[in-house]
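S.K.: Before I ask anything, here is the structure I am working with.
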There are 2 protein chains.
Amino acid sequence: MKESIQALRALEKQYYAYYYALAAIEYDESTVAPPESAAGRAVAAEALSEAQFRLLVNPETDALLTTAAADAETEQEKAEVRELRRRYNEICRIPPAEYAAFASLAQQSVTVWGKAKRNNDFAAYAPYLEKLVAGRRAQAGYIAPGRDPYEVWLDQYERGLTIARCDEFFATLRTAIVPLLAAIRQRGRAVRADFLDADWPMEGQRAISQAIMRRWTIDPEHCILGETEHPFTTNFWRGDVRITTHYLPRDMASNLYSVAHEGGHALYELHVDPALDYTILSGGSTMGLHESQSRLFENCVARSREFIGCLWPTLTAQFPTQLAGVTAEEFYRAVNRAEPGLIRTEADELTYSLHIMVRYELEKALLQGTLAVRDLPAAWNEKYQEYLGITVPDDTHGVLQDIHWAMGDMGYFPSYALGSAYAAQAVADIGKKLPLATLFASGELTPLVKELKTRLWQYGCKKEPAWLVENLCGGAFDPQYYIKYLTDKYTDIYGL
Amino acid sequence: MKESIQALRALEKQYYAYYYALAAIEYDESTVAPPESAAGRAVAAEALSEAQFRLLVNPETDALLTTAAADAETEQEKAEVRELRRRYNEICRIPPAEYAAFASLAQQSVTVWGKAKRNNDFAAYAPYLEKLVAGRRAQAGYIAPGRDPYEVWLDQYERGLTIARCDEFFATLRTAIVPLLAAIRQRGRAVRADFLDADWPMEGQRAISQAIMRRWTIDPEHCILGETEHPFTTNFWRGDVRITTHYLPRDMASNLYSVAHEGGHALYELHVDPALDYTILSGGSTMGLHESQSRLFENCVARSREFIGCLWPTLTAQFPTQLAGVTAEEFYRAVNRAEPGLIRTEADELTYSLHIMVRYELEKALLQGTLAVRDLPAAWNEKYQEYLGITVPDDTHGVLQDIHWAMGDMGYFPSYALGSAYAAQAVADIGKKLPLATLFASGELTPLVKELKTRLWQYGCKKEPAWLVENLCGGAFDPQYYIKYLTDKYTDIYGL
């Protein structure tokens, strides 16, 4: 290995250490930190972020990357240089003072947003959102002068994604989902879900979490399950992945599908090639690819008729009274029922993409400057009426529901819908090779885990996202697989 | 504020950020990290430690400290320069490669020690301990050439402490404690403790923890109680202190006195002057001063007859069957009974110092080169026979019981005994001003908390340790207060 590559590896290890520290601090904050401990944490996190920034963005690193680009021999070395150079170029174009000011603004905005959501007070949050939009527009101008600012950010979250592709993708979904939903509402058979509204003891819910973790083949030596209000996954490093869930006393499905979902994220991180440890290439690729794995396990596996059949003995053993007189088929339909609702995170598989579509169109308009922040709530409510057919009662259950924009994340939402579509296509392609229905019915997921590791997980960020999507899906991305998956599933469930 | 002081403050904030990150990582490791997650954590921690080292030890910091020394105006500014300069001088004298090699050796040694302790296999650990001793001897030579290597390390943990003072201190203790213990064994009345060996439900034990936290006036917004095998205190920053305890189903006193002890440490950290936040002066002073506060609350308060009387209604309400037929006086005597045992951490107030004395004499001999590691177990067993009158059955319950030496901490143990002595003297002096017995009996500790904040806590590391000891104790340190405290207490309990 050339000297420059060795120097780069040392830099990457240091970069990783800052990442690890920030991940540990954030995880601590979300799980156990005392209520009034934020001030000192913010000071530490800011200093560590700054140190990480300075480590990457300086003339020595610039020169090192140039030398290393010429010295890189293996595919991995070339990929390391490529990824670091990309981050370097993107970050170094934003003036450091603006970069820091935006981070600080985003932190304040999250607090203001939280209060605004609790108080249904969009006006209090609007000035912050205006500044966030202006900041992201300015940054897009630095990163790619002359390019559509929204597309710059789409590309940040899902490399290679364009507005044209995104427009087409959502138009395709809309053309299929809106009539399907209308058909369900007009002539779908009744789906019984009354039994889900019951008292679900914690002990039984915890047993279900453990059953899912085991079926997913998640190694408890390297991955633990915690509890937080909002479930999430974070990886400290490949050998230490944390997932969280929440236990709702009146809703057992929420925990079940949270563990199934976060477990998919965890598997991806746990199976990256160890050769990439502590380099810039460790960890999963784009947000869309990550979400494809969580949704694959949550929806394609854990919401399949076959897997619910497999889980049924465990479910009825844990909840004999709650599930008395209920069949596995009824449970399957209940956890898959399609009903337009106000809240994205509670949406079913069919309506979920409509929630995303609303956000996509609105954040695009905000960043392109065709929608003013003051007009956002009205635009939100209008689109919910149009796409989902429901009336938004207040901003708390409307435009204020998600944290993303308050954090400065604009261009992130489409990844959620793309992930679902990648998952459906991957499952269709893997199904040509593996007897998935039989495997889901037996709960033996090892062959699927191996296949996903081969197609996607092992690569971390060594391969470009476009290559990974194609390798995962077994061909060029085509949303028709997702449309077919949804159409077949819901036609069957509702007897259309 | 002069420019150099501003630059120093920025450096201190960065230094704090590394401290915070390492504290958060270590806390996570001790409380929740997955079993097989150590490899990536070690890589991150090492890189962060190195970054912290490089931040302090470099020619720019050296020059800055020199400028700042001339520019410092306020007492705090002068103290910041003094503390940083001291650390700089000490660390910069050790060659960086040796510094890093020692850190790595200590990390490996802890693992080897853990296994050796489990397997009663001192021979497996001996080569590591030999290297640790050699490393500490070499480092002492760098820090203070020509000075006794053990004294160099004593001074590191308890600034200003000398071997002469330490020898005198332990000789004084020994002269008083050994005959007192003999008298108890020969003619002390029987102390009933049978009732402590019972089933103590978790719920009741948790209620006791909360009762102690409240009585100690610990603010739950800034300090949380966790669970670990070995209780400890760590402070992330002044506004975020974590303490842990353990719940033993057959031993309720262990949790009670763990919370009382760690709560004392926590109070110290929580009450440092906020003006010192994020500077090198934040946090408590020496180990001995810190231990004085934990032992003051554990022993002088929570093991007092008066406080046990105050806690008695809560104890009997939580454990009505376990404590049926037991009086508060019997409970008081039971949790104070003196019995020589094998294990330091389980020792009572009276025999505790003897355990420390064994370690003091042995680590001094190791560092002075008058005792070889291979002869250590025999020397250990001999001293336990001599001072405590007990036969050590194996190294697991003997020389391998403590982690300190494996971590490279040699010169640290005396602080434990000094802390107890500081505490006894402080209580004697504060008792001239406050009606402590009445306050303990009512459980109203606010006046004591205020007094300790005034005498010690507020100062953090702004004042030199010697000044702090005197201010805490209300005069020059004198171990006779501790001797009197122990003599009075045990003469009374055992009716001597």
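Just remember, in the structure tokens the first chain shown is A, the second B, etc., residues are 1-based per chain, and ligands are 1-based in the order shown.
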Taking only C-alpha atoms into account and nothing else, which residues of chain A lie no more than 9 Å away from chain B? Please answer as a PyMOL selection string.
M.R.: chain A and resi 13-14+16-22+24-25+28+32-41+43-48+51+220-224+226+236-242+277-278
S.K.: Would you save the residues of that selection, restricted to C-alpha atoms, as an mmCIF file, in the first residue's frame?
M.R.:
```cif
data_model
loop_
_atom_site.group_PDB
_atom_site.id
_atom_site.type_symbol
_atom_site.label_atom_id
_atom_site.label_comp_id
_atom_site.auth_asym_id
_atom_site.auth_seq_id
_atom_site.Cartn_x
_atom_site.Cartn_y
_atom_site.Cartn_z
ATOM 1 C CA LYS A 13 -9.793 6.328 11.257
ATOM 2 C CA GLN A 14 -9.744 9.723 12.930
ATOM 3 C CA TYR A 16 -14.520 7.563 12.117
ATOM 4 C CA ALA A 17 -13.632 8.364 15.745
ATOM 5 C CA TYR A 18 -15.517 11.668 15.505
ATOM 6 C CA TYR A 19 -18.432 9.892 13.870
ATOM 7 C CA TYR A 20 -18.419 7.290 16.648
ATOM 8 C CA ALA A 21 -18.296 9.944 19.376
ATOM 9 C CA LEU A 22 -21.185 11.890 17.864
ATOM 10 C CA ALA A 24 -22.610 7.667 21.027
ATOM 11 C CA ILE A 25 -23.559 11.126 22.275
ATOM 12 C CA ASP A 28 -27.186 8.586 24.879
ATOM 13 C CA VAL A 32 -30.994 7.882 28.889
ATOM 14 C CA ALA A 33 -29.594 11.408 29.283
ATOM 15 C CA PRO A 34 -31.062 13.485 32.148
ATOM 16 C CA PRO A 35 -33.799 15.910 31.028
ATOM 17 C CA GLU A 36 -31.841 19.133 31.603
ATOM 18 C CA SER A 37 -28.483 18.047 30.209
ATOM 19 C CA ALA A 38 -28.598 19.590 26.731
ATOM 20 C CA ALA A 39 -26.370 22.629 27.214
ATOM 21 C CA GLY A 40 -23.082 20.825 27.845
ATOM 22 C CA ARG A 41 -23.889 18.192 25.252
ATOM 23 C CA VAL A 43 -21.042 22.457 23.417
ATOM 24 C CA ALA A 44 -19.266 19.103 23.128
ATOM 25 C CA ALA A 45 -21.070 18.030 19.954
ATOM 26 C CA GLU A 46 -20.371 21.335 18.255
ATOM 27 C CA ALA A 47 -16.657 21.159 19.069
ATOM 28 C CA LEU A 48 -16.423 17.560 17.850
ATOM 29 C CA ALA A 51 -12.905 19.091 14.632
ATOM 30 C CA PRO A 220 -27.396 -10.191 20.051
ATOM 31 C CA GLU A 221 -23.647 -10.033 20.689
ATOM 32 C CA HIS A 222 -23.475 -7.166 18.215
ATOM 33 C CA CYS A 223 -26.931 -5.594 18.237
ATOM 34 C CA ILE A 224 -29.138 -4.589 21.134
ATOM 35 C CA GLY A 226 -33.529 -0.346 23.344
ATOM 36 C CA PHE A 236 -21.566 2.866 16.132
ATOM 37 C CA TRP A 237 -19.533 0.593 13.881
ATOM 38 C CA ARG A 238 -20.198 -2.654 11.995
ATOM 39 C CA GLY A 239 -19.864 -4.701 15.182
ATOM 40 C CA ASP A 240 -22.127 -2.475 17.271
ATOM 41 C CA VAL A 241 -25.562 -1.589 15.964
ATOM 42 C CA ARG A 242 -28.369 -0.266 18.172
ATOM 43 C CA ASP A 277 -14.210 -1.030 8.950
ATOM 44 C CA TYR A 278 -13.139 2.459 10.068
#
```
S.K.: Find the residues near Ser353 in chain A: any atom within 10 Å, counting only C-alpha atoms, skip ones fewer than 2 places away on the same chain, and give them as a PyMOL selection string.
M.R.: chain A and resi 170+173-174+177+344+347-351+355-359+413-414+416-418+420-421
S.K.: Could you write out the selected residues, including C-alpha atoms, as a PDB file, in the first residue's frame?
M.R.:
```pdb
ATOM      1  CA  PHE A 170     -44.394   9.706  -8.286  1.00  0.00           C
ATOM      2  CA  LEU A 173     -47.296   5.675  -8.268  1.00  0.00           C
ATOM      3  CA  ARG A 174     -50.135   8.153  -8.235  1.00  0.00           C
ATOM      4  CA  ILE A 177     -52.408   3.989  -6.108  1.00  0.00           C
ATOM      5  CA  ARG A 344     -47.242   9.549   7.682  1.00  0.00           C
ATOM      6  CA  ALA A 347     -49.702   5.057   7.272  1.00  0.00           C
ATOM      7  CA  ASP A 348     -50.198   1.655   5.669  1.00  0.00           C
ATOM      8  CA  GLU A 349     -48.157   0.398   2.731  1.00  0.00           C
ATOM      9  CA  LEU A 350     -50.615   1.612   0.139  1.00  0.00           C
ATOM     10  CA  THR A 351     -51.216   5.176   1.302  1.00  0.00           C
ATOM     11  CA  HIS A 355     -47.918  11.071   2.164  1.00  0.00           C
ATOM     12  CA  ILE A 356     -44.432  11.195   0.651  1.00  0.00           C
ATOM     13  CA  MET A 357     -45.739  12.674  -2.573  1.00  0.00           C
ATOM     14  CA  VAL A 358     -47.298  15.606  -0.692  1.00  0.00           C
ATOM     15  CA  ARG A 359     -43.963  16.334   0.975  1.00  0.00           C
ATOM     16  CA  PHE A 413     -38.509  12.319   1.808  1.00  0.00           C
ATOM     17  CA  PRO A 414     -38.483  10.777  -1.704  1.00  0.00           C
ATOM     18  CA  TYR A 416     -38.682   6.615   1.668  1.00  0.00           C
ATOM     19  CA  ALA A 417     -40.880   5.898  -1.354  1.00  0.00           C
ATOM     20  CA  LEU A 418     -37.955   4.859  -3.515  1.00  0.00           C
ATOM     21  CA  SER A 420     -40.219   0.687  -0.876  1.00  0.00           C
ATOM     22  CA  ALA A 421     -40.046   0.407  -4.655  1.00  0.00           C
TER      23      ALA A 421
END
```
S.K.: After a least-squares superposition of chain A on chain B over all Cα atoms matched in order, what is the RMSD to one decimal?
M.R.: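 Pairing the C-alpha atoms in order and fitting gives 0.1 Å.
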S.K.: Check range 149-386 of chain A with DSSP on the backbone and list each residue it calls strand (DSSP E or B), as a VMD selection string.
M.R.: chain A and resid 223 to 227 233 to 237 240 to 245 248 251
S.K.: Check range 25-215 of chain A with DSSP on the backbone and list each residue it calls alpha helix (DSSP H), as a VMD selection string.
M.R.: chain A and resid 25 to 31 38 to 56 59 to 71 75 to 93 96 to 119 122 to 143 149 to 157 163 to 187 202 to 215
S.K.: Could you list, as a ChimeraX atom specification, every residue within 8 Å of Ile390 in chain B, counting only C-alpha atoms and ignoring same-chain residues fewer than 4 positions away?
M.R.: /B:340-342,384-386
S.K.: Mind checking which residues fall within 12 Å of Glu339 in chain A, counting only C-alpha atoms, ignoring those fewer than 3 positions away in the same chain, and posting them as a ChimeraX atom specification?
M.R.: /A:180-182,184-185,188,190-191,193,334-336,342-344,346-352,354,388-390,490,494
S.K.: Write a file of the selected residues as a short mmCIF file (atom, residue, chain, number, x, y, z; two decimals), in the first residue's frame, keeping N, CA and C atoms.
M.R.:
```
data_model
loop_
_atom_site.label_atom_id
_atom_site.label_comp_id
_atom_site.auth_asym_id
_atom_site.auth_seq_id
_atom_site.Cartn_x
_atom_site.Cartn_y
_atom_site.Cartn_z
N LEU A 180 -56.58 2.50 -7.06
CA LEU A 180 -56.63 1.30 -6.23
C LEU A 180 -57.29 1.61 -4.89
N LEU A 181 -56.91 2.75 -4.34
CA LEU A 181 -57.49 3.17 -3.06
C LEU A 181 -58.98 3.47 -3.21
N ALA A 182 -59.33 4.10 -4.33
CA ALA A 182 -60.74 4.40 -4.58
C ALA A 182 -61.53 3.10 -4.70
N ILE A 184 -60.85 0.23 -3.34
CA ILE A 184 -60.98 -0.36 -2.00
C ILE A 184 -62.11 0.30 -1.24
N ARG A 185 -62.16 1.61 -1.31
CA ARG A 185 -63.18 2.34 -0.54
C ARG A 185 -64.57 2.09 -1.11
N GLY A 188 -64.27 -2.64 -1.78
CA GLY A 188 -63.45 -3.61 -1.04
C GLY A 188 -64.27 -4.28 0.05
N ALA A 190 -65.03 -5.81 3.74
CA ALA A 190 -64.68 -5.28 5.07
C ALA A 190 -63.48 -6.04 5.64
N VAL A 191 -62.56 -5.30 6.21
CA VAL A 191 -61.42 -5.93 6.89
C VAL A 191 -61.56 -5.66 8.38
N ALA A 193 -60.57 -5.24 12.10
CA ALA A 193 -59.35 -4.86 12.85
C ALA A 193 -59.68 -4.50 14.29
N ALA A 334 -55.73 -7.41 8.87
CA ALA A 334 -55.83 -6.26 9.78
C ALA A 334 -54.55 -5.42 9.74
N VAL A 335 -53.38 -6.06 9.75
CA VAL A 335 -52.13 -5.29 9.77
C VAL A 335 -51.76 -4.78 8.38
N ASN A 336 -52.59 -5.10 7.40
CA ASN A 336 -52.35 -4.60 6.05
C ASN A 336 -53.48 -3.70 5.54
N LEU A 342 -54.05 10.87 8.67
CA LEU A 342 -53.36 12.16 8.73
C LEU A 342 -51.85 12.02 8.86
N ILE A 343 -51.40 10.94 9.48
CA ILE A 343 -50.01 10.88 9.93
C ILE A 343 -49.19 9.88 9.10
N ARG A 344 -48.12 10.37 8.52
CA ARG A 344 -47.24 9.55 7.68
C ARG A 344 -46.74 8.29 8.39
N GLU A 346 -47.86 6.58 10.63
CA GLU A 346 -48.86 5.56 10.96
C GLU A 346 -49.52 5.01 9.70
N ALA A 347 -49.04 5.43 8.53
CA ALA A 347 -49.70 5.06 7.27
C ALA A 347 -49.43 3.61 6.90
N ASP A 348 -50.38 3.01 6.19
CA ASP A 348 -50.20 1.65 5.67
C ASP A 348 -49.35 1.70 4.40
N GLU A 349 -49.02 0.52 3.91
CA GLU A 349 -48.16 0.40 2.73
C GLU A 349 -48.72 1.10 1.51
N LEU A 350 -50.03 1.07 1.37
CA LEU A 350 -50.61 1.61 0.14
C LEU A 350 -50.65 3.14 0.15
N THR A 351 -51.09 3.71 1.26
CA THR A 351 -51.22 5.18 1.30
C THR A 351 -49.90 5.89 1.63
N TYR A 352 -48.91 5.13 2.08
CA TYR A 352 -47.66 5.75 2.52
C TYR A 352 -47.04 6.65 1.44
N LEU A 354 -48.40 8.25 -0.85
CA LEU A 354 -49.15 9.50 -1.06
C LEU A 354 -48.70 10.57 -0.06
N LEU A 388 -55.30 12.21 -0.55
CA LEU A 388 -55.75 11.23 0.44
C LEU A 388 -57.23 11.37 0.80
N GLY A 389 -57.81 12.46 0.31
CA GLY A 389 -59.24 12.64 0.54
C GLY A 389 -59.59 12.95 1.98
N ILE A 390 -58.66 13.51 2.70
CA ILE A 390 -58.98 13.81 4.09
C ILE A 390 -58.69 15.27 4.44
N TYR A 490 -53.20 -5.83 -2.53
CA TYR A 490 -54.45 -5.20 -2.07
C TYR A 490 -55.68 -5.70 -2.81
N TYR A 494 -58.57 -7.16 -0.34
CA TYR A 494 -59.92 -6.55 -0.37
C TYR A 494 -60.86 -7.24 -1.35
#
```
S.K.: With only C-alpha atoms as the counted atoms, please give the residues lying no more than 9 Å from Lys364 in chain B, apart from itself and same-chain residues fewer than 2 positions off, as number ranges by chain.
M.R.: B: 149-151, 163, 359-362, 366-371, 410-411
S.K.: Export, as an mmCIF file, in the first residue's frame, the selected residues with C-alpha atoms.
M.R.:
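Once written, selection-v6.cif looks like this:
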```cif
data_model
loop_
_atom_site.group_PDB
_atom_site.id
_atom_site.type_symbol
_atom_site.label_atom_id
_atom_site.label_comp_id
_atom_site.auth_asym_id
_atom_site.auth_seq_id
_atom_site.Cartn_x
_atom_site.Cartn_y
_atom_site.Cartn_z
ATOM 1 C CA PRO B 149 8.968 6.786 41.547
ATOM 2 C CA TYR B 150 6.153 5.869 43.916
ATOM 3 C CA GLU B 151 6.045 9.366 45.343
ATOM 4 C CA ILE B 163 5.629 8.971 51.183
ATOM 5 C CA ARG B 359 -2.204 -2.193 48.940
ATOM 6 C CA TYR B 360 -0.249 0.932 49.830
ATOM 7 C CA GLU B 361 2.704 -1.034 51.142
ATOM 8 C CA LEU B 362 2.716 -3.459 48.221
ATOM 9 C CA LEU B 366 6.615 -2.684 43.504
ATOM 10 C CA LEU B 367 7.354 0.809 42.242
ATOM 11 C CA GLN B 368 10.426 1.208 44.378
ATOM 12 C CA GLY B 369 11.706 -2.084 42.977
ATOM 13 C CA THR B 370 11.956 -3.845 46.349
ATOM 14 C CA LEU B 371 9.225 -6.363 45.544
ATOM 15 C CA MET B 410 -0.544 2.684 41.260
ATOM 16 C CA GLY B 411 -0.491 5.325 43.962
#
```
